[in-house]
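Quick look at target.csv (CSV, C-alpha atoms):
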chain,number,residue,atom,x,y,z
A,136,MET,CA,0.0,0.0,0.0
A,137,GLN,CA,1.5,3.3,-1.1
A,138,PRO,CA,1.6,6.2,1.5
A,139,LEU,CA,-0.9,8.9,1.2
A,140,PRO,CA,0.2,12.2,-0.5
A,141,ASP,CA,0.2,14.1,2.8
A,142,GLU,CA,2.3,11.3,4.4
A,143,ALA,CA,4.7,11.2,1.5
A,144,ARG,CA,5.2,15.0,1.7
A,145,ARG,CA,5.7,14.8,5.4
A,146,GLU,CA,8.3,12.0,5.0
A,147,ALA,CA,10.1,14.0,2.3
A,148,ALA,CA,10.2,17.1,4.5
A,149,GLU,CA,11.7,15.1,7.4
A,150,ASP,CA,14.4,13.6,5.1
A,151,ALA,CA,15.4,17.1,4.0
A,152,GLN,CA,15.8,18.4,7.6
A,153,TRP,CA,19.2,18.9,9.2
A,154,SER,CA,20.6,16.3,11.5
A,155,ARG,CA,21.4,17.4,15.1
A,156,PRO,CA,25.1,18.2,14.4
A,157,GLU,CA,24.2,20.0,11.1
A,158,CYS,CA,21.5,22.0,12.9
A,159,GLN,CA,24.0,23.1,15.6
A,160,VAL,CA,26.5,24.2,13.0
A,161,TRP,CA,24.0,26.1,11.0
A,162,THR,CA,22.4,27.7,14.1
A,163,GLY,CA,25.7,29.1,15.2
A,164,THR,CA,26.5,30.2,11.6
A,165,LEU,CA,23.2,32.0,11.2
A,166,LEU,CA,23.4,33.5,14.6
A,167,LEU,CA,26.7,35.1,13.6
A,168,GLY,CA,25.2,36.1,10.2
A,169,THR,CA,22.3,37.9,12.0
A,170,CYS,CA,24.8,39.5,14.3
A,171,LEU,CA,26.7,40.9,11.3
A,172,LEU,CA,23.5,41.9,9.6
A,173,TYR,CA,22.8,44.2,12.5
A,174,CYS,CA,26.4,45.3,12.8
A,175,ALA,CA,26.1,46.7,9.2
A,176,ARG,CA,22.6,48.1,9.9
A,177,VAL,CA,23.6,49.9,13.1
A,178,SER,CA,26.8,51.4,11.7
A,179,MET,CA,25.0,54.4,10.3
A,180,PRO,CA,23.0,55.3,13.5
A,181,VAL,CA,26.2,55.0,15.6
A,182,CYS,CA,28.1,57.3,13.2
A,183,ALA,CA,25.2,59.7,12.3
A,184,ALA,CA,26.2,62.4,14.7
A,185,ALA,CA,29.9,62.4,13.6
A,186,MET,CA,29.0,62.3,9.9
A,187,SER,CA,26.5,65.2,10.4
A,188,GLN,CA,29.4,67.2,11.8
A,189,ASP,CA,31.7,66.3,9.0
A,190,PHE,CA,29.2,66.9,6.2
A,191,GLY,CA,27.2,69.7,7.7
A,192,TRP,CA,23.9,67.8,7.9
A,193,ASN,CA,21.0,69.2,9.9
A,194,LYS,CA,18.5,67.0,11.7
A,195,LYS,CA,16.2,66.7,8.7
A,196,GLU,CA,19.0,65.6,6.4
A,197,ALA,CA,20.4,63.1,8.9
A,198,GLY,CA,16.8,61.8,9.3
A,199,VAL,CA,16.6,61.3,5.6
A,200,VAL,CA,19.8,59.2,5.6
A,201,LEU,CA,18.7,57.1,8.6
A,202,SER,CA,15.2,56.5,7.3
A,203,SER,CA,16.2,55.7,3.7
A,204,PHE,CA,17.3,52.3,4.7
A,205,PHE,CA,13.7,51.3,5.3
A,206,TRP,CA,12.6,52.7,1.9
A,207,GLY,CA,14.5,49.8,0.4
A,208,TYR,CA,13.9,47.4,3.2
A,209,CYS,CA,10.2,47.2,2.8
A,210,LEU,CA,10.3,46.4,-0.9
A,211,THR,CA,12.1,43.0,-0.8
A,212,GLN,CA,10.2,41.2,2.0
A,213,VAL,CA,8.0,39.1,-0.2
A,214,VAL,CA,10.8,38.7,-2.8
A,215,GLY,CA,13.1,37.2,-0.1
A,216,GLY,CA,10.5,34.6,0.9
A,217,HIS,CA,9.8,33.6,-2.7
A,218,LEU,CA,13.5,33.3,-3.5
A,219,GLY,CA,14.1,31.3,-0.4
A,220,ASP,CA,11.4,28.8,-1.4
A,221,ARG,CA,12.7,28.5,-4.9
A,222,ILE,CA,16.5,28.4,-4.6
A,223,GLY,CA,17.1,27.8,-0.9
A,224,GLY,CA,17.2,30.3,1.9
A,225,GLU,CA,20.9,29.7,2.6
A,226,LYS,CA,21.8,30.7,-0.9
A,227,VAL,CA,19.7,33.9,-0.8
A,228,ILE,CA,21.3,34.9,2.5
A,229,LEU,CA,24.8,34.3,1.2
A,230,LEU,CA,24.4,36.2,-2.0
A,231,SER,CA,22.7,39.2,-0.3
A,232,ALA,CA,25.3,39.2,2.5
A,233,SER,CA,28.1,39.4,0.1
A,234,ALA,CA,26.5,42.5,-1.5
A,235,TRP,CA,25.6,44.4,1.6
A,236,GLY,CA,29.0,43.6,3.2
A,237,PHE,CA,30.7,45.1,0.2
A,238,ILE,CA,28.5,48.2,0.2
A,239,THR,CA,29.0,48.7,3.9
A,240,ALA,CA,32.8,48.5,3.7
A,241,ALA,CA,32.7,50.8,0.7
A,242,THR,CA,30.5,53.5,2.3
A,243,PRO,CA,33.4,55.8,3.4
A,244,LEU,CA,34.7,55.7,-0.2
A,245,LEU,CA,31.3,56.5,-1.6
A,246,SER,CA,31.1,59.5,0.7
A,247,ARG,CA,34.3,60.9,-0.9
A,248,LEU,CA,33.2,60.5,-4.6
A,249,SER,CA,31.7,63.9,-4.8
A,250,SER,CA,30.3,66.8,-2.8
A,251,ALA,CA,26.8,65.3,-3.0
A,252,HIS,CA,27.4,63.4,0.3
A,253,LEU,CA,23.7,63.3,1.2
A,254,ALA,CA,22.6,61.8,-2.2
A,255,PHE,CA,25.3,59.1,-2.1
A,256,MET,CA,24.7,58.1,1.5
A,257,THR,CA,21.0,58.0,0.9
A,258,PHE,CA,21.4,55.8,-2.2
A,259,SER,CA,23.8,53.4,-0.4
A,260,ARG,CA,21.3,53.1,2.5
A,261,ILE,CA,18.4,52.4,0.2
A,262,LEU,CA,20.5,49.7,-1.6
A,263,THR,CA,21.6,48.2,1.7
A,264,GLY,CA,17.9,48.1,2.8
A,265,LEU,CA,17.0,46.3,-0.4
A,266,LEU,CA,19.6,43.7,0.1
A,267,GLN,CA,19.0,43.1,3.8
A,268,GLY,CA,15.2,43.0,3.3
A,269,VAL,CA,15.5,39.4,1.9
A,270,TYR,CA,17.3,38.1,4.9
A,271,PHE,CA,14.6,37.3,7.5
A,272,PRO,CA,12.0,35.9,5.0
A,273,ALA,CA,14.7,33.7,3.5
A,274,LEU,CA,15.8,32.7,7.0
A,275,THR,CA,12.2,31.7,7.8
A,276,SER,CA,11.9,29.7,4.7
A,277,LEU,CA,15.2,27.9,5.5
A,278,LEU,CA,14.4,27.1,9.1
A,279,SER,CA,10.9,26.0,8.4
A,280,GLN,CA,12.2,23.4,6.0
A,281,LYS,CA,15.4,22.3,7.8
A,282,VAL,CA,14.5,22.4,11.5
A,283,ARG,CA,12.3,20.0,13.3
A,284,GLU,CA,9.0,21.4,14.5
A,285,SER,CA,9.6,20.8,18.2
A,286,GLU,CA,12.8,22.9,18.0
A,287,ARG,CA,11.8,25.5,15.4
A,288,ALA,CA,10.8,28.4,17.7
A,289,PHE,CA,13.8,28.1,19.9
A,290,THR,CA,16.2,27.8,16.9
A,291,TYR,CA,14.6,30.9,15.4
A,292,SER,CA,14.8,32.9,18.6
A,293,THR,CA,18.4,31.8,19.1
A,294,VAL,CA,19.3,33.0,15.6
A,295,GLY,CA,17.2,36.1,16.1
A,296,ALA,CA,19.2,36.9,19.2
A,297,GLY,CA,22.1,37.8,16.9
A,298,SER,CA,20.3,41.1,16.2
A,299,GLN,CA,20.9,42.1,19.8
A,300,PHE,CA,24.4,40.8,19.7
A,301,GLY,CA,25.1,42.7,16.6
A,302,THR,CA,23.7,45.9,18.1
A,303,LEU,CA,25.9,45.3,21.2
A,304,VAL,CA,29.0,44.7,19.1
A,305,THR,CA,28.6,47.8,17.0
A,306,GLY,CA,27.5,49.8,20.0
A,307,ALA,CA,30.6,48.8,22.0
A,308,VAL,CA,33.4,48.2,19.5
A,309,GLY,CA,31.9,50.7,17.0
A,310,SER,CA,31.8,53.5,19.7
A,311,LEU,CA,35.5,52.8,20.6
A,312,LEU,CA,36.5,52.8,16.9
A,313,LEU,CA,34.6,56.0,16.4
A,314,ASP,CA,36.4,57.7,19.2
A,315,TRP,CA,39.9,56.4,18.2
A,316,TYR,CA,39.9,56.3,14.4
A,317,GLY,CA,36.8,58.1,13.2
A,318,TRP,CA,33.6,57.0,11.7
A,319,PRO,CA,35.0,55.3,8.5
A,320,SER,CA,36.6,52.6,10.7
A,321,VAL,CA,33.1,51.5,11.9
A,322,PHE,CA,32.0,50.8,8.3
A,323,TYR,CA,35.3,49.0,7.5
A,324,PHE,CA,34.9,46.9,10.6
A,325,SER,CA,31.3,45.7,10.1
A,326,GLY,CA,31.6,45.3,6.3
A,327,GLY,CA,34.9,43.5,6.5
A,328,LEU,CA,33.6,41.0,9.1
A,329,THR,CA,30.5,40.3,6.9
A,330,LEU,CA,32.7,39.5,3.9
A,331,LEU,CA,34.8,37.2,6.1
A,332,TRP,CA,31.6,35.4,7.2
A,333,VAL,CA,30.6,35.0,3.6
A,334,CYS,CA,33.9,33.4,2.7
A,335,TYR,CA,33.5,31.0,5.6
A,336,VAL,CA,30.0,29.9,4.6
A,337,TYR,CA,31.0,29.6,0.9
A,338,ARG,CA,34.1,27.5,1.7
A,339,CYS,CA,32.8,25.3,4.6
A,340,LEU,CA,29.0,25.0,4.2
A,341,LEU,CA,28.1,25.7,0.6
A,342,GLY,CA,29.9,24.6,-2.5
A,343,GLU,CA,30.5,26.5,-5.8
A,344,LYS,CA,28.1,24.1,-7.5
A,345,ASP,CA,25.2,25.1,-5.3
A,346,LEU,CA,25.7,28.8,-6.0
A,347,ILE,CA,26.1,28.3,-9.7
A,348,LEU,CA,22.8,26.4,-9.8
A,349,ALA,CA,21.1,29.1,-7.8
A,350,LEU,CA,22.5,31.9,-10.0
A,351,GLY,CA,21.4,29.9,-13.1
A,352,VAL,CA,17.8,29.7,-11.7
A,353,LEU,CA,17.9,33.5,-11.1
A,354,ALA,CA,19.2,34.2,-14.6
A,355,GLN,CA,16.4,32.1,-16.2
A,356,GLY,CA,13.7,33.8,-14.1
A,357,LEU,CA,11.7,32.3,-11.2
A,358,PRO,CA,8.6,30.4,-12.2
A,359,VAL,CA,5.5,31.8,-10.6
A,360,SER,CA,2.5,29.4,-10.2
A,361,ARG,CA,-0.6,30.8,-11.7
A,362,HIS,CA,-2.8,28.3,-9.9
A,363,THR,CA,-1.8,29.2,-6.4
A,364,LYS,CA,-3.6,32.1,-4.8
A,365,VAL,CA,-3.3,33.4,-1.3
A,366,PRO,CA,-6.7,33.5,0.3
A,367,TRP,CA,-6.3,36.9,1.9
A,368,ARG,CA,-9.8,37.1,3.3
A,369,GLN,CA,-9.5,33.8,5.1
A,370,LEU,CA,-6.0,34.7,6.3
A,371,PHE,CA,-6.9,38.0,7.8
A,372,ARG,CA,-9.8,36.5,9.7
A,373,LYS,CA,-7.4,34.5,11.8
A,374,PRO,CA,-6.6,35.9,15.3
A,375,SER,CA,-3.0,34.5,15.1
A,376,VAL,CA,-2.4,36.7,12.0
A,377,TRP,CA,-3.6,39.9,13.7
A,378,ALA,CA,-1.6,38.9,16.8
A,379,ALA,CA,1.5,38.7,14.7
A,380,ILE,CA,0.8,42.0,12.9
A,381,ILE,CA,0.2,43.9,16.1
A,382,SER,CA,3.3,42.4,17.7
A,383,GLN,CA,5.3,43.2,14.7
A,384,LEU,CA,4.1,46.8,14.5
A,385,SER,CA,4.5,47.5,18.2
A,386,ALA,CA,8.0,46.0,18.5
A,387,ALA,CA,9.3,47.4,15.2
A,388,CYS,CA,8.2,51.0,16.0
A,389,SER,CA,9.8,51.1,19.4
A,390,PHE,CA,12.9,49.1,18.4
A,391,PHE,CA,13.9,51.0,15.3
A,392,ILE,CA,13.2,54.5,16.8
A,393,LEU,CA,15.6,53.5,19.6
A,394,LEU,CA,18.1,51.9,17.2
A,395,SER,CA,18.2,54.9,14.8
A,396,TRP,CA,18.0,57.9,17.2
A,397,LEU,CA,19.3,56.8,20.6
A,398,PRO,CA,23.0,57.5,19.7
A,399,THR,CA,22.2,61.0,18.4
A,400,PHE,CA,20.0,61.8,21.4
A,401,PHE,CA,22.7,60.9,23.9
A,402,LYS,CA,25.4,62.6,21.9
A,403,GLU,CA,23.4,65.9,21.9
A,404,THR,CA,21.8,65.7,25.4
A,405,PHE,CA,24.7,64.2,27.3
A,406,PRO,CA,27.8,65.2,25.4
A,407,SER,CA,30.2,63.9,28.0
A,408,SER,CA,28.6,60.4,28.1
A,409,LYS,CA,30.5,57.4,26.9
A,410,GLY,CA,29.2,56.0,23.6
A,411,TRP,CA,30.0,52.4,24.5
A,412,VAL,CA,27.7,52.7,27.5
A,413,PHE,CA,24.5,54.1,26.0
A,414,ASN,CA,24.9,52.0,22.8
A,415,VAL,CA,25.2,48.8,24.8
A,416,VAL,CA,23.2,48.9,28.0
A,417,PRO,CA,19.6,49.1,26.5
A,418,TRP,CA,20.2,45.9,24.5
A,419,LEU,CA,21.6,43.7,27.2
A,420,VAL,CA,18.1,42.7,28.5
A,421,ALA,CA,16.9,41.9,25.0
A,422,ILE,CA,19.1,38.9,24.6
A,423,PRO,CA,17.7,36.7,27.4
A,424,ALA,CA,14.2,38.0,26.6
A,425,SER,CA,14.6,36.8,23.0
A,426,LEU,CA,15.8,33.3,24.1
A,427,PHE,CA,13.1,33.0,26.7
A,428,SER,CA,10.4,33.9,24.1
A,429,GLY,CA,11.6,31.0,22.0
A,430,LEU,CA,11.5,28.5,24.9
A,431,LEU,CA,8.1,29.7,25.8
A,432,SER,CA,6.8,29.3,22.2
A,433,ASP,CA,8.1,25.8,22.0
A,434,ARG,CA,6.6,24.9,25.3
A,435,LEU,CA,3.2,26.2,24.3
A,436,ILE,CA,3.3,24.5,21.0
A,437,ASN,CA,4.4,21.1,22.4
A,438,GLN,CA,1.6,21.4,25.0
A,439,GLY,CA,-1.0,22.0,22.2
A,440,GLY,CA,-1.3,25.7,22.8
A,441,ASP,CA,-3.1,27.9,20.3
A,442,ILE,CA,-0.8,29.8,17.9
A,443,GLY,CA,-2.8,33.0,18.6
A,444,THR,CA,-2.0,32.7,22.3
A,445,GLN,CA,1.6,32.0,21.6
A,446,SER,CA,1.8,35.1,19.3
A,447,HIS,CA,0.2,37.3,22.1
A,448,CYS,CA,2.7,36.0,24.6
A,449,ASP,CA,5.6,36.5,22.3
A,450,GLY,CA,4.3,40.0,21.5
A,451,GLY,CA,5.6,41.2,24.8
A,452,ILE,CA,9.2,39.9,24.4
A,453,PRO,CA,9.8,39.2,20.7
A,454,PRO,CA,13.0,39.3,18.8
A,455,PRO,CA,13.4,42.9,17.4
A,456,GLY,CA,10.6,43.4,14.9
A,457,GLY,CA,8.6,40.4,16.1
A,458,TRP,CA,8.2,37.0,14.6
A,459,THR,CA,8.6,36.4,10.9
A,460,GLN,CA,5.8,33.8,10.9
A,461,PRO,CA,4.2,31.6,13.6
A,462,PRO,CA,5.9,28.2,13.9
A,463,ALA,CA,3.8,25.2,12.8
A,464,SER,CA,1.3,23.8,15.2
A,465,SER,CA,2.0,20.5,16.9
A,466,GLU,CA,-1.5,19.3,16.0
A,467,GLU,CA,-0.4,18.6,12.4
A,468,GLU,CA,2.8,19.0,10.5
A,469,ARG,CA,2.4,21.6,7.8
A,470,ALA,CA,4.5,22.6,4.8
A,471,PRO,CA,6.7,25.7,5.2
A,472,GLY,CA,4.7,28.8,5.2
A,473,GLU,CA,1.4,27.0,5.5
A,474,VAL,CA,-1.3,28.5,7.6
A,475,ARG,CA,-3.8,26.4,9.6
A,476,GLY,CA,-7.0,26.0,7.6
A,477,LEU,CA,-5.4,27.0,4.3
A,478,ARG,CA,-4.4,24.8,1.4
A,479,PRO,CA,-0.9,23.2,1.8
A,480,GLU,CA,0.4,24.7,-1.4
A,481,THR,CA,-0.3,28.3,-0.1
A,482,ARG,CA,2.9,29.9,1.2
A,483,VAL,CA,2.9,33.2,3.1
A,484,HIS,CA,6.1,35.0,4.1
A,485,THR,CA,6.1,38.2,6.1
A,486,ALA,CA,9.1,39.9,7.5
A,487,ARG,CA,10.5,40.6,10.9
A,488,GLY,CA,13.1,43.2,11.8
Go ahead and render the structure in this file as structure tokens.
Amino acid sequence: MQPLPDEARREAAEDAQWSRPECQVWTGTLLLGTCLLYCARVSMPVCAAAMSQDFGWNKKEAGVVLSSFFWGYCLTQVVGGHLGDRIGGEKVILLSASAWGFITAATPLLSRLSSAHLAFMTFSRILTGLLQGVYFPALTSLLSQKVRESERAFTYSTVGAGSQFGTLVTGAVGSLLLDWYGWPSVFYFSGGLTLLWVCYVYRCLLGEKDLILALGVLAQGLPVSRHTKVPWRQLFRKPSVWAAIISQLSAACSFFILLSWLPTFFKETFPSSKGWVFNVVPWLVAIPASLFSGLLSDRLINQGGDIGTQSHCDGGIPPPGGWTQPPASSEEERAPGEVRGLRPETRVHTARG
């Protein structure tokens, strides 16, 4: 007797999952990748006050540069999830990291190309946002396919904790580099480390053949199924979806306001304060909170808790920006991106910070 289609799909998904040693290696690698993602992202807020003095920016112009990152960031969220499903999330992450690492390291050089500092810095931040926007949707696609359901939430929260580590690293080391060597050194530091991480992943975890195949798929164009439609009405009637949206909105607003403007606020309000203090202390509590939220999610799911309840609980202590998507329920194993009550072929990817 042949297995049912659902059982066959479930068995195929389990075969594709990482073994325990592979999961540990990839979790550590992706944790470091998320850390470097935020190292590159936080470099501009840490250096904004010093760059404003060098280039003569006022508050409005500095705000344009800081906010321009999100102009690009919001445009590639769905693209990142789609690419992750088609060619593999790890390949999307590696290709985008190589590009944003290079741009970050080259930022001081771009600022010297002409007198139009504001235009060049705004453009580089938009481009960085476009490239980093694919990271978390691709990460969600990767972990939902490669990590066992019972460990998925904790793995995601562990990897997500890299955002706080990255903020801490750039807040501490970046502030010291800023005082000792000037603001260009902060961009060289974060961009250079990202490129080293890319080399490690390329040499040790992915092969040249994998990337060539991925680039070939991208060059040919990604096939888009005409028969699969997202049932938006049914999706937005689910409490778990609204819980995730509200959690995402609340956490993202507070987190990114602090992330972008806290260094400038302390620099102007408390000129004698040490940068490595006010750029580090606020994020220390976020690391254990992020890990605890993952443990709590796994516990609720393993006990048969409702995803909506889990999303509300996580809403108070989520990773920065909230969850990318709720982990699968323990009641039934679902395909990556599948929402309870929807067809298995329907994939939905939303973004976190």
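Checking A:Thr293, A:Gln280, A:Gln369, A:Ser178 one by one against A:Trp153, counting all atoms listed in the file, you find the shortest gap at A:Gln280.
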Item to complete: Fewer than 5 positions away in the same chain doesn't count, so skip those; otherwise give me all residues within 7 Å of stretch 215-223 of chain A, counting all atoms listed in the file, as a ChimeraX atom specification.
Response: /A:269-270,272-273,276-277,349,484
Could you turn the residues from that selection into a file that holds C-alpha atoms, as an mmCIF file, keeping the file's coordinate frame?
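File part11.cif, as written:
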data_model
loop_
_atom_site.group_PDB
_atom_site.id
_atom_site.type_symbol
_atom_site.label_atom_id
_atom_site.label_comp_id
_atom_site.auth_asym_id
_atom_site.auth_seq_id
_atom_site.Cartn_x
_atom_site.Cartn_y
_atom_site.Cartn_z
ATOM 1 C CA VAL A 269 15.500 39.400 1.900
ATOM 2 C CA TYR A 270 17.300 38.100 4.900
ATOM 3 C CA PRO A 272 12.000 35.900 5.000
ATOM 4 C CA ALA A 273 14.700 33.700 3.500
ATOM 5 C CA SER A 276 11.900 29.700 4.700
ATOM 6 C CA LEU A 277 15.200 27.900 5.500
ATOM 7 C CA ALA A 349 21.100 29.100 -7.800
ATOM 8 C CA HIS A 484 6.100 35.000 4.100
#
Need the shell around stretch 186-190 of chain A: protein/DNA/RNA residues with any atom at most 8 Å away, counting all atoms listed in the file. Skip same-chain ones fewer than 3 positions apart. Format as a PDB file with C-alpha atoms, in the coordinates of the input?
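Result file around.pdb:
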ATOM      1  CA  CYS A 182      28.100  57.300  13.200  1.00  0.00           C
ATOM      2  CA  ALA A 183      25.200  59.700  12.300  1.00  0.00           C
ATOM      3  CA  ASN A 193      21.000  69.200   9.900  1.00  0.00           C
ATOM      4  CA  ALA A 197      20.400  63.100   8.900  1.00  0.00           C
ATOM      5  CA  HIS A 252      27.400  63.400   0.300  1.00  0.00           C
ATOM      6  CA  TRP A 318      33.600  57.000  11.700  1.00  0.00           C
TER       7      TRP A 318
END
Discussion item. Show me, as a VMD selection string, the residues that have an atom within 9 Å of A:Leu278 when counting only C-alpha atoms, minus same-chain residues fewer than 6 positions from it.
Written reply: chain A and resid 152 224 287 290 to 291 471
Item to complete: Within 12 Å of A:Ile238, counting only C-alpha atoms, which residues show up once you throw out same-chain ones fewer than 4 positions away? Write them as an MDAnalysis selection string, please.
Response: chainID A and resid 175:176 231:234 242:246 255:256 258:267 322:323 325:327 329:330
Worksheet entry | atom CA of A:Trp192 to atom CA of A:Ser395, distance in Å rounded to a single decimal | 15.7 Å
Fill in: Within 9 Å of A:Leu166 using only C-alpha atoms, minus same-chain residues under 2 positions, as a PyMOL selection string
chain A and resi 161-164+168-171+293-298+300
Worksheet item: At what distance in Å, to one decimal, does atom CA of A:Val333 lie from atom CA of A:Leu348?
Response: 17.7 Å
Fill in: d(atom CA of A:Val181, atom CA of A:Val321) in Å
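Separation between atom CA of A:Val181 and atom CA of A:Val321: 8.6 Å.
Compared by their closest atoms to A:Leu230, and using all atoms listed in the file, the residues A:Leu350, A:Leu201, A:Ala184, A:Ala378 rank with A:Leu350 nearest.
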Worksheet item: Between A:Ala254, A:Cys174, A:Leu303, A:Met179, which has the minimum distance to A:Val420 (counting all atoms listed in the file)?
Response: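 Nearest to A:Val420: A:Leu303.
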Practice prompt. Identify which of the residues A:Ala424, A:Arg372, A:Ser154, A:Val227 lies closest to A:Phe271, counting all atoms listed in the file when measuring atom-to-atom distances.
Written response: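 Looking only at the distances to A:Phe271, the closest residue turns out to be A:Val227.
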Completion of stretch 155-168 of chain A up to N, CA, C and O atoms, as a short mmCIF file (atom, residue, chain, number, x, y, z; two decimals), keeping the file's coordinate frame:
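File rebuild_38.cif, as written:
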data_model
loop_
_atom_site.label_atom_id
_atom_site.label_comp_id
_atom_site.auth_asym_id
_atom_site.auth_seq_id
_atom_site.Cartn_x
_atom_site.Cartn_y
_atom_site.Cartn_z
N ARG A 155 21.10 16.63 13.90
CA ARG A 155 21.40 17.40 15.10
C ARG A 155 22.74 18.18 14.95
O ARG A 155 22.81 19.38 15.21
N PRO A 156 23.84 17.49 14.53
CA PRO A 156 25.10 18.20 14.40
C PRO A 156 24.99 19.33 13.29
O PRO A 156 25.53 20.43 13.47
N GLU A 157 24.33 19.03 12.17
CA GLU A 157 24.20 20.00 11.10
C GLU A 157 23.37 21.23 11.64
O GLU A 157 23.70 22.39 11.35
N CYS A 158 22.32 20.95 12.41
CA CYS A 158 21.50 22.00 12.90
C CYS A 158 22.30 22.91 13.89
O CYS A 158 22.16 24.14 13.87
N GLN A 159 23.16 22.31 14.69
CA GLN A 159 24.00 23.10 15.60
C GLN A 159 24.95 23.99 14.85
O GLN A 159 25.13 25.16 15.20
N VAL A 160 25.58 23.44 13.81
CA VAL A 160 26.50 24.20 13.00
C VAL A 160 25.83 25.39 12.32
O VAL A 160 26.28 26.54 12.35
N TRP A 161 24.69 25.09 11.69
CA TRP A 161 24.00 26.10 11.00
C TRP A 161 23.36 27.16 11.92
O TRP A 161 23.31 28.35 11.58
N THR A 162 22.91 26.72 13.08
CA THR A 162 22.40 27.70 14.10
C THR A 162 23.44 28.67 14.48
O THR A 162 23.20 29.89 14.53
N GLY A 163 24.63 28.17 14.80
CA GLY A 163 25.70 29.10 15.20
C GLY A 163 26.13 29.98 14.02
O GLY A 163 26.39 31.18 14.22
N THR A 164 26.15 29.43 12.81
CA THR A 164 26.50 30.20 11.60
C THR A 164 25.51 31.33 11.35
O THR A 164 25.86 32.48 11.08
N LEU A 165 24.23 30.98 11.42
CA LEU A 165 23.20 32.00 11.20
C LEU A 165 23.06 32.97 12.29
O LEU A 165 22.70 34.14 12.06
N LEU A 166 23.35 32.54 13.53
CA LEU A 166 23.40 33.50 14.60
C LEU A 166 24.47 34.55 14.37
O LEU A 166 24.22 35.75 14.55
N LEU A 167 25.64 34.12 13.91
CA LEU A 167 26.70 35.10 13.60
C LEU A 167 26.30 35.93 12.38
O LEU A 167 26.58 37.13 12.34
N GLY A 168 25.61 35.33 11.40
CA GLY A 168 25.20 36.10 10.20
C GLY A 168 24.17 37.19 10.63
O GLY A 168 24.23 38.32 10.14
#
